[in-house]
$ cat data-v4.cif   # mmCIF, C-alpha atoms and all ligand atoms
data_model
#
loop_
_atom_site.label_atom_id
_atom_site.label_comp_id
_atom_site.auth_asym_id
_atom_site.auth_seq_id
_atom_site.Cartn_x
_atom_site.Cartn_y
_atom_site.Cartn_z
CA MET Z 1372 -22.34 10.27 -1.05
CA LYS Z 1373 -25.18 12.79 -1.41
CA GLY Z 1374 -22.76 15.71 -1.57
CA TYR Z 1375 -20.51 13.83 -3.99
CA LEU Z 1376 -23.31 12.87 -6.34
CA GLU Z 1377 -24.83 16.35 -6.26
CA SER Z 1378 -21.56 18.04 -7.09
CA ASP Z 1379 -20.95 16.76 -10.60
CA PRO Z 1380 -18.66 13.84 -9.69
CA VAL Z 1381 -15.15 13.76 -11.09
CA VAL Z 1382 -14.19 10.35 -12.46
CA ILE Z 1383 -10.48 9.91 -13.10
CA THR Z 1384 -9.47 7.92 -16.14
CA ARG Z 1385 -5.76 8.64 -16.52
CA GLY Z 1386 -2.72 10.23 -14.90
CA GLU Z 1387 0.49 11.67 -16.31
CA GLY Z 1388 3.17 13.16 -14.08
CA VAL Z 1389 1.43 15.46 -11.59
CA ARG Z 1390 -1.74 15.66 -13.68
CA LEU Z 1391 -4.95 13.68 -13.43
CA PHE Z 1392 -7.48 13.51 -16.28
CA ASP Z 1393 -11.18 12.86 -15.90
CA ALA Z 1394 -13.77 11.17 -18.06
CA GLY Z 1395 -14.87 14.55 -19.41
CA GLY Z 1396 -11.35 15.30 -20.69
CA ASN Z 1397 -10.54 17.85 -17.97
CA SER Z 1398 -7.06 17.92 -16.46
CA TYR Z 1399 -6.17 18.68 -12.83
CA LEU Z 1400 -2.96 19.14 -10.90
CA ASP Z 1401 -2.73 16.53 -8.14
CA GLY Z 1402 -2.42 18.83 -5.12
CA ASN Z 1403 -2.74 16.12 -2.48
CA SER Z 1404 -0.72 13.33 -4.11
CA SER Z 1405 -3.90 11.25 -4.42
CA LEU Z 1406 -4.35 11.32 -0.66
CA TRP Z 1407 -0.70 11.76 0.36
CA LEU Z 1408 0.62 8.79 -1.58
CA ASN Z 1409 2.16 9.80 -4.84
CA ILE Z 1410 5.88 10.54 -4.91
CA HIS Z 1411 7.28 10.47 -8.46
CA GLY Z 1412 4.16 11.36 -10.44
CA HIS Z 1413 1.59 9.18 -12.18
CA ASN Z 1414 2.19 6.76 -15.04
CA HIS Z 1415 5.94 6.85 -14.40
CA PRO Z 1416 7.80 4.70 -16.95
CA ALA Z 1417 10.26 3.19 -14.42
CA LEU Z 1418 7.51 2.27 -11.98
CA ASN Z 1419 5.30 0.90 -14.74
CA ALA Z 1420 8.22 -1.19 -16.01
CA ALA Z 1421 8.86 -2.62 -12.53
CA ILE Z 1422 5.26 -3.80 -12.34
CA THR Z 1423 5.04 -5.25 -15.84
CA GLY Z 1424 8.45 -6.91 -15.42
CA GLN Z 1425 7.30 -8.56 -12.20
CA LEU Z 1426 3.93 -9.43 -13.74
CA GLY Z 1427 5.76 -11.52 -16.35
CA ARG Z 1428 7.13 -13.65 -13.50
CA ILE Z 1429 4.39 -13.79 -10.86
CA ALA Z 1430 1.87 -11.36 -9.36
CA HIS Z 1431 1.49 -12.89 -5.93
CA SER Z 1432 2.32 -15.90 -3.80
CA THR Z 1433 1.76 -16.11 -0.07
CA LEU Z 1434 4.38 -15.02 2.44
CA LEU Z 1435 2.94 -17.49 4.92
CA GLY Z 1436 5.63 -20.16 5.04
CA LEU Z 1437 7.19 -19.02 1.75
CA GLY Z 1438 9.56 -16.26 0.74
CA ASN Z 1439 9.61 -14.23 -2.45
CA VAL Z 1440 12.41 -12.28 -4.06
CA PRO Z 1441 10.97 -8.72 -4.21
CA ALA Z 1442 9.72 -8.95 -0.60
CA ILE Z 1443 13.16 -10.12 0.61
CA GLU Z 1444 15.00 -7.45 -1.36
CA LEU Z 1445 12.62 -4.73 -0.20
CA ALA Z 1446 12.98 -5.76 3.45
CA ALA Z 1447 16.77 -5.51 3.09
CA ARG Z 1448 16.49 -2.04 1.48
CA LEU Z 1449 14.03 -0.79 4.12
CA THR Z 1450 16.28 -1.82 6.99
CA GLN Z 1451 19.19 0.00 5.30
CA ILE Z 1452 17.34 3.30 5.04
CA ALA Z 1453 15.28 3.14 8.25
CA PRO Z 1454 16.41 4.78 11.50
CA GLY Z 1455 19.11 2.77 13.29
CA GLY Z 1456 18.10 -0.43 15.00
CA LEU Z 1457 15.03 -1.16 12.85
CA SER Z 1458 16.28 -4.42 11.42
CA LYS Z 1459 13.14 -6.51 10.91
CA VAL Z 1460 10.14 -6.02 8.58
CA PHE Z 1461 6.56 -7.27 8.81
CA TYR Z 1462 4.48 -6.59 5.68
CA SER Z 1463 0.83 -5.72 5.34
CA ASP Z 1464 -1.34 -3.74 2.96
CA SER Z 1465 -2.38 -0.38 4.40
CA GLY Z 1466 -1.30 2.22 6.90
CA ALA Z 1467 -3.99 1.11 9.35
CA THR Z 1468 -2.85 -2.51 9.25
CA ALA Z 1469 0.78 -1.45 9.70
CA VAL Z 1470 -0.23 0.43 12.86
CA GLU Z 1471 -2.50 -2.38 14.03
CA ILE Z 1472 0.42 -4.81 13.70
CA GLY Z 1473 2.69 -2.43 15.62
CA LEU Z 1474 0.18 -2.30 18.47
CA LYS Z 1475 -0.13 -6.07 18.57
CA ILE Z 1476 3.65 -6.53 18.45
CA ALA Z 1477 4.09 -4.11 21.38
CA TYR Z 1478 1.39 -5.82 23.40
CA ALA Z 1479 2.66 -9.33 22.67
CA TYR Z 1480 6.30 -8.32 23.25
CA TRP Z 1481 5.71 -7.55 26.93
CA ARG Z 1482 3.86 -10.84 27.36
CA ARG Z 1483 6.75 -12.73 25.75
CA VAL Z 1484 9.26 -11.15 28.14
CA GLY Z 1485 7.16 -11.92 31.21
CA ARG Z 1486 5.62 -8.50 31.84
CA PRO Z 1487 2.00 -8.95 30.71
CA GLU Z 1488 0.84 -6.07 32.91
CA LYS Z 1489 2.41 -3.69 30.35
CA SER Z 1490 -0.58 -3.97 28.05
CA GLY Z 1491 -1.89 -0.41 27.67
CA PHE Z 1492 -1.27 2.32 25.11
CA LEU Z 1493 -0.67 6.04 25.23
CA SER Z 1494 -1.44 8.17 22.20
CA PHE Z 1495 -2.12 11.80 21.37
CA ARG Z 1496 -5.37 13.71 21.25
CA ASN Z 1497 -6.36 14.65 17.74
CA GLY Z 1498 -4.18 11.85 16.32
CA TYR Z 1499 -5.04 9.68 13.33
CA HIS Z 1500 -3.65 6.21 12.66
CA GLY Z 1501 -6.24 4.60 10.37
CA ASP Z 1502 -9.75 3.23 10.48
CA THR Z 1503 -9.42 -0.29 11.87
CA ILE Z 1504 -10.43 -0.92 15.47
CA GLY Z 1505 -6.96 -0.78 17.06
CA ALA Z 1506 -5.85 2.16 14.94
CA MET Z 1507 -9.08 4.00 15.80
CA SER Z 1508 -8.61 3.21 19.49
CA VAL Z 1509 -5.28 5.07 19.51
CA GLY Z 1510 -6.74 7.77 17.27
CA GLY Z 1511 -8.26 10.88 18.77
CA ILE Z 1512 -10.34 12.78 16.22
CA ASP Z 1513 -13.80 13.14 17.72
CA LEU Z 1514 -15.61 13.41 14.38
CA PHE Z 1515 -14.14 10.13 13.11
CA HIS Z 1516 -13.90 8.15 16.32
CA ASP Z 1517 -16.53 9.23 18.85
CA GLU Z 1518 -19.40 7.28 17.35
CA PHE Z 1519 -17.38 4.06 17.54
CA GLY Z 1520 -16.28 4.70 21.14
CA PRO Z 1521 -17.99 1.63 22.61
CA MET Z 1522 -16.17 -0.59 20.10
CA LEU Z 1523 -12.71 0.75 20.98
CA PHE Z 1524 -10.29 -0.18 23.76
CA PRO Z 1525 -9.36 2.45 26.36
CA VAL Z 1526 -6.14 4.39 25.81
CA GLU Z 1527 -4.22 7.02 27.80
CA ARG Z 1528 -4.08 10.32 25.97
CA ALA Z 1529 -1.60 13.17 25.96
CA ARG Z 1530 -1.76 16.58 24.34
CA TYR Z 1531 -0.04 16.99 20.95
CA PRO Z 1532 1.64 20.42 20.93
CA ASN Z 1533 -0.53 22.65 18.73
CA VAL Z 1534 1.21 26.01 18.90
CA TYR Z 1535 -1.52 27.84 17.00
CA ARG Z 1536 -4.16 26.81 19.52
CA PHE Z 1537 -1.91 27.42 22.57
CA GLU Z 1538 -1.70 30.70 24.44
CA GLY Z 1539 2.04 31.19 24.72
CA THR Z 1540 5.24 30.70 22.80
CA GLU Z 1541 6.27 27.60 20.87
CA GLN Z 1542 8.68 26.67 23.62
CA GLU Z 1543 6.06 27.10 26.34
CA CYS Z 1544 3.65 24.94 24.35
CA SER Z 1545 6.26 22.22 23.95
CA GLN Z 1546 7.20 22.30 27.62
CA ALA Z 1547 3.60 22.22 28.83
CA CYS Z 1548 2.82 19.18 26.66
CA LEU Z 1549 6.04 17.41 27.70
CA ALA Z 1550 5.30 18.04 31.38
CA GLU Z 1551 1.83 16.55 30.94
CA LEU Z 1552 3.28 13.56 29.12
CA GLU Z 1553 5.92 13.00 31.77
CA ASP Z 1554 3.28 13.13 34.48
CA ILE Z 1555 1.20 10.46 32.73
CA LEU Z 1556 4.25 8.27 32.19
CA GLU Z 1557 5.30 8.58 35.83
CA ARG Z 1558 1.89 7.40 36.97
CA LYS Z 1559 1.07 4.85 34.26
CA ALA Z 1560 4.26 3.51 32.61
CA ALA Z 1561 4.16 0.26 34.58
CA GLY Z 1562 0.97 -0.65 32.70
CA LEU Z 1563 1.93 0.75 29.29
CA ALA Z 1564 3.19 -1.26 26.33
CA CYS Z 1565 3.91 1.67 24.05
CA VAL Z 1566 3.41 5.29 23.07
CA VAL Z 1567 2.05 5.86 19.55
CA VAL Z 1568 2.90 9.09 17.78
CA GLU Z 1569 2.79 10.78 14.39
CA PRO Z 1570 6.36 12.12 14.33
CA THR Z 1571 6.81 15.86 13.60
CA VAL Z 1572 3.35 16.37 12.03
CA GLN Z 1573 -0.13 15.27 13.00
CA GLY Z 1574 -1.60 14.78 9.52
CA ALA Z 1575 -5.34 14.17 9.48
CA GLY Z 1576 -5.62 16.13 12.74
CA GLY Z 1577 -5.01 19.28 10.68
CA MET Z 1578 -1.32 19.24 9.66
CA VAL Z 1579 -0.24 20.22 13.16
CA ALA Z 1580 3.55 20.59 13.18
CA MET Z 1581 5.43 19.69 16.38
CA PRO Z 1582 7.80 22.26 17.85
CA GLU Z 1583 11.44 21.37 17.33
CA GLY Z 1584 12.84 19.20 20.08
CA PHE Z 1585 9.51 17.70 21.14
CA LEU Z 1586 10.00 14.38 19.35
CA GLY Z 1587 13.48 13.86 20.76
CA SER Z 1588 12.23 14.58 24.28
CA LEU Z 1589 9.31 12.20 23.79
CA ALA Z 1590 11.70 9.42 22.73
CA ARG Z 1591 13.88 10.11 25.79
CA LEU Z 1592 10.88 9.96 28.13
CA CYS Z 1593 9.78 6.63 26.60
CA ARG Z 1594 13.27 5.18 27.15
CA GLU Z 1595 13.44 6.47 30.72
CA HIS Z 1596 10.07 4.93 31.55
CA ASP Z 1597 10.69 1.66 29.70
CA VAL Z 1598 7.79 2.13 27.32
CA LEU Z 1599 8.17 1.27 23.62
CA LEU Z 1600 7.84 4.01 21.02
CA LEU Z 1601 5.75 3.33 17.91
CA ALA Z 1602 6.36 5.97 15.25
CA ASP Z 1603 3.53 6.11 12.73
CA GLU Z 1604 5.38 7.30 9.62
CA VAL Z 1605 2.54 6.34 7.29
CA ALA Z 1606 2.03 9.97 6.24
CA THR Z 1607 5.47 11.41 7.01
CA GLY Z 1608 7.66 8.59 5.65
CA PHE Z 1609 9.44 8.48 2.28
CA GLY Z 1610 10.74 12.00 2.01
CA ARG Z 1611 7.55 13.90 2.71
CA THR Z 1612 8.98 16.07 5.51
CA GLY Z 1613 12.34 16.64 3.82
CA ARG Z 1614 14.06 13.62 5.38
CA MET Z 1615 13.52 10.00 4.36
CA PHE Z 1616 11.70 9.49 7.68
CA ALA Z 1617 10.48 12.25 10.00
CA CYS Z 1618 12.20 10.58 12.99
CA GLU Z 1619 15.53 11.52 11.40
CA HIS Z 1620 14.90 15.22 12.10
CA GLU Z 1621 15.64 14.52 15.77
CA ALA Z 1622 17.80 11.38 15.43
CA VAL Z 1623 15.01 9.32 16.98
CA CYS Z 1624 15.20 5.52 16.66
CA PRO Z 1625 11.74 4.18 17.51
CA ASP Z 1626 11.19 0.58 18.62
CA ILE Z 1627 8.47 0.12 16.03
CA MET Z 1628 7.79 2.09 12.86
CA ALA Z 1629 4.74 1.86 10.61
CA VAL Z 1630 5.03 2.86 6.94
CA GLY Z 1631 2.63 2.74 3.99
CA LYS Z 1632 1.33 5.35 1.54
CA GLY Z 1633 4.55 6.47 -0.24
CA LEU Z 1634 6.32 3.11 0.18
CA THR Z 1635 5.36 2.02 -3.34
CA GLY Z 1636 5.59 5.53 -4.75
CA GLY Z 1637 1.83 5.57 -4.17
CA TYR Z 1638 1.25 2.81 -6.73
CA LEU Z 1639 0.08 -0.29 -4.88
CA PRO Z 1640 -1.19 -1.17 -1.40
CA VAL Z 1641 1.91 -2.35 0.45
CA ALA Z 1642 2.67 -1.30 4.02
CA ALA Z 1643 5.23 -2.45 6.55
CA THR Z 1644 5.89 -2.46 10.27
CA LEU Z 1645 9.57 -2.35 11.16
CA THR Z 1646 11.03 -3.32 14.50
CA THR Z 1647 14.24 -4.11 16.33
CA ASP Z 1648 16.19 -7.28 17.09
CA ARG Z 1649 15.25 -6.85 20.76
CA ILE Z 1650 11.57 -7.21 19.90
CA TYR Z 1651 12.05 -9.85 17.19
CA ASP Z 1652 14.08 -12.01 19.58
CA ALA Z 1653 11.21 -12.13 22.07
CA PHE Z 1654 9.19 -14.02 19.44
CA TRP Z 1655 12.02 -16.48 18.69
CA GLY Z 1656 11.64 -20.05 19.95
CA GLU Z 1657 10.73 -23.66 19.32
CA HIS Z 1658 7.28 -24.45 17.95
CA ALA Z 1659 6.15 -25.85 21.31
CA GLU Z 1660 7.03 -22.60 23.09
CA LEU Z 1661 4.25 -20.88 21.07
CA LYS Z 1662 6.05 -17.57 20.78
CA THR Z 1663 4.68 -17.05 17.28
CA PHE Z 1664 3.26 -13.64 16.39
CA PHE Z 1665 -0.14 -14.70 15.10
CA HIS Z 1666 -0.98 -12.11 12.49
CA GLY Z 1667 -1.17 -12.14 8.71
CA HIS Z 1668 -3.00 -10.88 5.64
CA SER Z 1669 -3.68 -12.62 2.33
CA PHE Z 1670 -1.69 -10.10 0.30
CA THR Z 1671 1.22 -9.75 2.73
CA GLY Z 1672 4.50 -9.29 0.81
CA ASN Z 1673 2.75 -8.96 -2.54
CA GLN Z 1674 5.38 -9.26 -5.31
CA LEU Z 1675 3.98 -6.60 -7.64
CA GLY Z 1676 3.82 -4.10 -4.78
CA CYS Z 1677 7.29 -4.94 -3.47
CA ALA Z 1678 8.76 -4.73 -6.99
CA VAL Z 1679 7.35 -1.23 -7.52
CA ALA Z 1680 8.50 -0.18 -4.03
CA LEU Z 1681 12.05 -1.22 -4.95
CA ALA Z 1682 11.83 0.79 -8.17
CA SER Z 1683 10.54 3.76 -6.17
CA LEU Z 1684 13.53 3.57 -3.83
CA ASP Z 1685 15.83 3.45 -6.89
CA LEU Z 1686 14.22 6.68 -8.12
CA PHE Z 1687 14.73 8.30 -4.72
CA GLU Z 1688 18.45 7.57 -5.12
CA SER Z 1689 18.94 8.38 -8.81
CA ASN Z 1690 16.95 11.63 -8.57
CA ARG Z 1691 18.36 12.59 -5.15
CA LEU Z 1692 14.72 13.12 -4.30
CA VAL Z 1693 15.04 13.80 -0.58
CA GLU Z 1694 17.50 16.65 -1.23
CA ARG Z 1695 15.31 17.89 -4.06
CA THR Z 1696 12.29 17.86 -1.74
CA GLN Z 1697 14.16 20.15 0.64
CA LEU Z 1698 14.64 22.64 -2.21
CA SER Z 1699 11.01 22.33 -3.33
CA SER Z 1700 9.94 22.85 0.28
CA SER Z 1701 11.86 26.13 0.53
CA ARG Z 1702 10.30 27.25 -2.72
CA VAL Z 1703 6.82 26.38 -1.41
CA ALA Z 1704 7.59 28.21 1.86
CA ASP Z 1705 8.35 31.37 -0.15
CA LEU Z 1706 5.33 30.93 -2.40
CA LEU Z 1707 3.08 30.57 0.63
CA LYS Z 1708 4.13 33.85 2.27
CA PRO Z 1709 1.43 35.91 0.50
CA VAL Z 1710 -1.13 33.20 1.35
CA ALA Z 1711 -0.28 33.56 5.05
CA GLY Z 1712 -1.19 37.25 4.79
CA LEU Z 1713 -4.72 36.67 3.44
CA ALA Z 1714 -7.60 38.02 5.50
CA HIS Z 1715 -8.99 34.66 6.56
CA VAL Z 1716 -5.84 32.59 6.87
CA GLY Z 1717 -5.09 31.98 10.54
CA ASP Z 1718 -2.07 29.76 10.21
CA VAL Z 1719 0.09 28.18 7.52
CA ARG Z 1720 1.79 25.06 8.84
CA ARG Z 1721 4.42 23.21 6.87
CA ARG Z 1722 6.98 20.45 7.28
CA GLY Z 1723 8.67 19.67 3.99
CA LEU Z 1724 5.95 19.20 1.37
CA MET Z 1725 3.24 18.64 3.95
CA VAL Z 1726 1.20 21.82 4.22
CA GLY Z 1727 -1.98 22.81 6.06
CA ILE Z 1728 -3.59 26.22 5.67
CA GLU Z 1729 -6.04 26.93 8.48
CA LEU Z 1730 -8.94 29.16 7.50
CA VAL Z 1731 -10.56 31.21 10.25
CA GLU Z 1732 -13.32 33.76 10.38
CA ASP Z 1733 -11.25 36.04 12.60
CA PRO Z 1734 -7.46 35.69 12.52
CA GLU Z 1735 -7.12 38.05 15.53
CA THR Z 1736 -8.90 35.70 17.89
CA GLY Z 1737 -8.52 32.47 15.88
CA ARG Z 1738 -12.32 32.15 15.81
CA SER Z 1739 -13.33 29.45 13.34
CA PHE Z 1740 -15.93 29.76 10.61
CA PRO Z 1741 -19.24 28.11 11.56
CA TRP Z 1742 -18.68 24.46 10.56
CA GLN Z 1743 -21.95 24.44 8.60
CA GLN Z 1744 -20.32 26.78 6.08
CA ALA Z 1745 -17.79 24.02 5.21
CA MET Z 1746 -15.32 26.70 4.22
CA GLY Z 1747 -12.46 24.24 3.66
CA ALA Z 1748 -14.61 22.17 1.31
CA GLN Z 1749 -15.75 25.30 -0.54
CA VAL Z 1750 -12.15 26.39 -1.11
CA CYS Z 1751 -11.20 22.93 -2.38
CA ARG Z 1752 -14.21 22.91 -4.69
CA ARG Z 1753 -13.09 26.25 -6.15
CA ALA Z 1754 -9.52 24.91 -6.49
CA LEU Z 1755 -10.96 21.97 -8.46
CA ASP Z 1756 -12.72 24.38 -10.83
CA LEU Z 1757 -9.40 26.21 -11.21
CA GLY Z 1758 -7.62 22.96 -12.08
CA MET Z 1759 -6.20 21.47 -8.88
CA ILE Z 1760 -7.39 18.59 -6.73
CA THR Z 1761 -7.03 18.61 -2.97
CA ARG Z 1762 -9.19 17.80 0.04
CA PRO Z 1763 -9.69 19.74 3.25
CA LEU Z 1764 -9.46 18.58 6.84
CA GLY Z 1765 -12.33 20.62 8.22
CA ASP Z 1766 -11.22 24.21 7.62
CA VAL Z 1767 -7.60 23.24 7.05
CA VAL Z 1768 -6.80 23.17 3.34
CA VAL Z 1769 -4.22 20.48 2.66
CA PHE Z 1770 -1.44 20.93 0.13
CA MET Z 1771 0.74 17.88 -0.42
CA PRO Z 1772 2.04 17.74 -3.99
CA PRO Z 1773 3.98 14.72 -5.30
CA LEU Z 1774 7.62 15.11 -4.20
CA ALA Z 1775 8.87 15.17 -7.79
CA THR Z 1776 6.56 18.06 -8.81
CA PRO Z 1777 8.43 20.40 -11.18
CA ASP Z 1778 8.91 23.99 -9.94
CA GLU Z 1779 6.56 25.50 -12.51
CA ASP Z 1780 3.77 23.15 -11.39
CA LEU Z 1781 4.41 23.99 -7.72
CA ASP Z 1782 4.04 27.65 -8.68
CA ALA Z 1783 0.79 26.95 -10.51
CA MET Z 1784 -0.58 24.91 -7.61
CA VAL Z 1785 0.11 27.57 -4.97
CA HIS Z 1786 -1.32 30.20 -7.31
CA ILE Z 1787 -4.56 28.20 -7.52
CA LEU Z 1788 -4.64 27.80 -3.73
CA HIS Z 1789 -4.16 31.52 -3.25
CA ARG Z 1790 -6.87 32.42 -5.72
CA ALA Z 1791 -9.35 29.84 -4.38
CA ILE Z 1792 -8.88 31.02 -0.78
CA CYS Z 1793 -9.27 34.71 -1.74
CA GLU Z 1794 -12.32 34.15 -3.89
CA VAL Z 1795 -14.16 31.96 -1.43
CA THR Z 1796 -13.30 33.53 1.92
CA GLU Z 1797 -13.26 37.18 0.93
CA GLN Z 1798 -16.40 37.32 -1.18
C1 LIG T 1 -0.44 8.93 10.16
C2 LIG T 1 -1.35 7.95 9.49
N1 LIG T 1 -1.41 6.69 9.92
C3 LIG T 1 -2.20 5.77 9.33
C4 LIG T 1 -3.01 6.11 8.28
C5 LIG T 1 -3.90 5.08 7.66
O1 LIG T 1 -3.41 4.66 6.43
P1 LIG T 1 -4.37 3.87 5.41
O2 LIG T 1 -5.36 4.86 4.92
O3 LIG T 1 -3.43 3.40 4.34
O4 LIG T 1 -4.98 2.76 6.19
C6 LIG T 1 -2.98 7.42 7.77
C7 LIG T 1 -3.84 7.80 6.65
O5 LIG T 1 -4.03 8.93 6.32
C8 LIG T 1 -2.14 8.36 8.41
O6 LIG T 1 -2.10 9.64 8.00
#

$ encode --input "data-v4.cif" --output "structure tokens"
Amino acid sequence: MKGYLESDPVVITRGEGVRLFDAGGNSYLDGNSSLWLNIHGHNHPALNAAITGQLGRIAHSTLLGLGNVPAIELAARLTQIAPGGLSKVFYSDSGATAVEIGLKIAYAYWRRVGRPEKSGFLSFRNGYHGDTIGAMSVGGIDLFHDEFGPMLFPVERARYPNVYRFEGTEQECSQACLAELEDILERKAAGLACVVVEPTVQGAGGMVAMPEGFLGSLARLCREHDVLLLADEVATGFGRTGRMFACEHEAVCPDIMAVGKGLTGGYLPVAATLTTDRIYDAFWGEHAELKTFFHGHSFTGNQLGCAVALASLDLFESNRLVERTQLSSSRVADLLKPVAGLAHVGDVRRRGLMVGIELVEDPETGRSFPWQQAMGAQVCRRALDLGMITRPLGDVVVFMPPLATPDEDLDAMVHILHRAICEVTEQ
């Protein structure tokens, strides 16, 4: 808060397309989609209309013991577009809760099928799944999670393949991490409920992109060892990586999938945990059998949120937004080439419109800047002065524009990034 208050706080009053406006009348390009959420731009007429239309009927009624039309319709739509086999939807209100629910479903599933010893979790070092206790337990970012260690439950951890920080080729990195994973599964699978992974990109861990083939091999290993796979698509879902869901890149059908962020086009806090008939059926029974999944939130299945999520999915279809994102991604890849050549850029990582630019003091050795210099934050501060908002992850500058960003705005955003990095790191 001290840093924020000392740095002339920006207070947003309005948004229009990919621009945000502050109380002082300044305008900024939204270079991180308002924390990786926004898809179609701000103040979108179709999304606004979906909310006001729903508001004229009802804003919210509980999903506990009652249904509601937008929640039912959205569940049907989600199961149509999700990877094969994900046929059931459990709503909540943030990415963390969607993950938390996935963990509890996995844990309870094995108890329902008479294998309560399968109660543990395996996740990846440097992963991020949200800030609630379960989500933090499977997270692995020291800065965020270490302090709370005593509050968290123990979890097995595997290495996420970070090619930039690995001495060897991409393939060697992938194989080394898979071998380590396989070894853990061979020793521990009998006590594991599920593996939790951020498919294709570790987001908050620094936009670390998985080598091709890794996700498919991970899914195969989970199947072979009879451990469920929970794909956390909170950041990668809804077109962000150039497919509707990142799992599609390697035809992976997880047992559980958590989504949030872009589900409502970034408008309202709705999240969902999807799962299969196999898992759903384990919770099916007479009242006296007590197979119920005891979990719920007050705003579960909120009508306003579900209505805007449906309108967002309509826009994906009418604007062919996933295909368009693939084109925008290629454009961004080209635009970023000169950035990759800058003196203090160690690595430019990208999957679709999910970009991380790692700043280093010495690109030859990969030596980082002293953390006290907060180089990532300095670059983002300069980008703000130049008219674009984004936030760093340590010394990784994040670039995640709304998927519907027009080409000329993409060009302007990358230009600002380039200039901010040059001016701050090369001064
Ligand atoms: C992969 C992933 N999972 C979960 C979360 C948590 O989502 P929320 O902030 O909505 O709780 C995030 C947030 O950045 C995320 O990137």

$ closest_residue --input "data-v4.cif" --among "Z:Ile1410, Z:Ile1472, Z:Ala1467, Z:Leu1400" --to "Phe1665 in chain Z" --atoms "all atoms listed in the file"
Z:Ile1472

$ atom_distance --input "data-v4.cif" --atom1 "CA of Pro1773 in chain Z" --atom2 "CA of Arg1611 in chain Z"
8.8 Å

$ residues_around --input "data-v4.cif" --residues "Leu1675 in chain Z" --least-positions-apart "2" --cutoff "6 Å" --atoms "only C-alpha atoms" --output "list in words"
Ile1422, Gln1425, Ala1430, Asn1673, Cys1677 and Ala1678 of chain Z

$ residues_around --input "data-v4.cif" --residues "Met1581 in chain Z" --least-positions-apart "5" --cutoff "9 Å" --atoms "only C-alpha atoms" --output "count of residues only"
10

$ atom_distance --input "data-v4.cif" --atom1 "atom C6 of ligand LIG 1 (chain T)" --atom2 "CA of Asp1502 in chain Z"
8.4 Å

$ atom_distance --input "data-v4.cif" --atom1 "atom O5 of ligand LIG 1 (chain T)" --atom2 "CA of Leu1493 in chain Z"
19.4 Å

$ residues_near_ligand --input "data-v4.cif" --ligand "ligand LIG 1 (chain T)" --cutoff "8 Å" --atoms "all atoms listed in the file" --output "NGL selection string"
:Z and (1406-1407 or 1464-1470 or 1498-1503 or 1506 or 1569 or 1573-1575 or 1603-1607 or 1629 or 1631-1632 or 1640 or 1642)

$ closest_residue --input "data-v4.cif" --among "Z:Arg1691, Z:Gly1747, Z:Pro1741, Z:Gly1455" --to "Glu1619 in chain Z" --atoms "all atoms listed in the file"
Z:Gly1455

$ residues_around --input "data-v4.cif" --residues "Phe1687 in chain Z" --least-positions-apart "3" --cutoff "12 Å" --atoms "all atoms listed in the file" --output "ChimeraX atom specification"
/Z:1410-1411,1417-1418,1452,1609-1611,1614-1615,1633-1636,1680-1684,1690-1696,1774-1775

$ closest_residue --input "data-v4.cif" --among "Z:Gln1546, Z:Ser1458, Z:Thr1761, Z:Thr1663" --to "Leu1788 in chain Z" --atoms "all atoms listed in the file"
Z:Thr1761

$ closest_residue --input "data-v4.cif" --among "Z:Gly1712, Z:Val1750, Z:Cys1565, Z:Glu1557" --to "Pro1734 in chain Z" --atoms "all atoms listed in the file"
Z:Gly1712

$ residues_around --input "data-v4.cif" --residues "Ala1748 in chain Z" --least-positions-apart "4" --cutoff "12 Å" --atoms "all atoms listed in the file" --output "PyMOL selection string"
chain Z and resi 1374-1375+1378+1730+1742-1744+1752-1755+1760-1769+1791-1792+1795-1796

$ residues_around --input "data-v4.cif" --residues "range 1701-1706 of chain Z" --least-positions-apart "2" --cutoff "12 Å" --atoms "only C-alpha atoms" --output "number ranges by chain"
Z: 1612-1613, 1694-1699, 1708-1712, 1719-1728, 1770-1772, 1774, 1776-1789

$ build_atoms --input "data-v4.cif" --residues "range 1517-1523 of chain Z" --atoms "N, CA and C atoms" --output "CSV table (one decimal), keeping the file's coordinate frame"
chain,number,residue,atom,x,y,z
Z,1517,ASP,N,-15.6,9.2,17.7
Z,1517,ASP,CA,-16.5,9.2,18.8
Z,1517,ASP,C,-17.6,8.2,18.7
Z,1518,GLU,N,-18.2,8.2,17.5
Z,1518,GLU,CA,-19.4,7.3,17.4
Z,1518,GLU,C,-19.1,5.8,17.7
Z,1519,PHE,N,-17.8,5.5,17.4
Z,1519,PHE,CA,-17.4,4.1,17.5
Z,1519,PHE,C,-16.8,3.8,18.9
Z,1520,GLY,N,-16.9,4.8,19.8
Z,1520,GLY,CA,-16.3,4.7,21.1
Z,1520,GLY,C,-16.5,3.4,21.8
Z,1521,PRO,N,-17.7,2.9,21.9
Z,1521,PRO,CA,-18.0,1.6,22.6
Z,1521,PRO,C,-17.3,0.4,22.0
Z,1522,MET,N,-16.9,0.5,20.7
Z,1522,MET,CA,-16.2,-0.6,20.1
Z,1522,MET,C,-14.7,-0.6,20.4
Z,1523,LEU,N,-14.2,0.6,20.9
Z,1523,LEU,CA,-12.7,0.8,21.0
Z,1523,LEU,C,-12.2,0.4,22.4
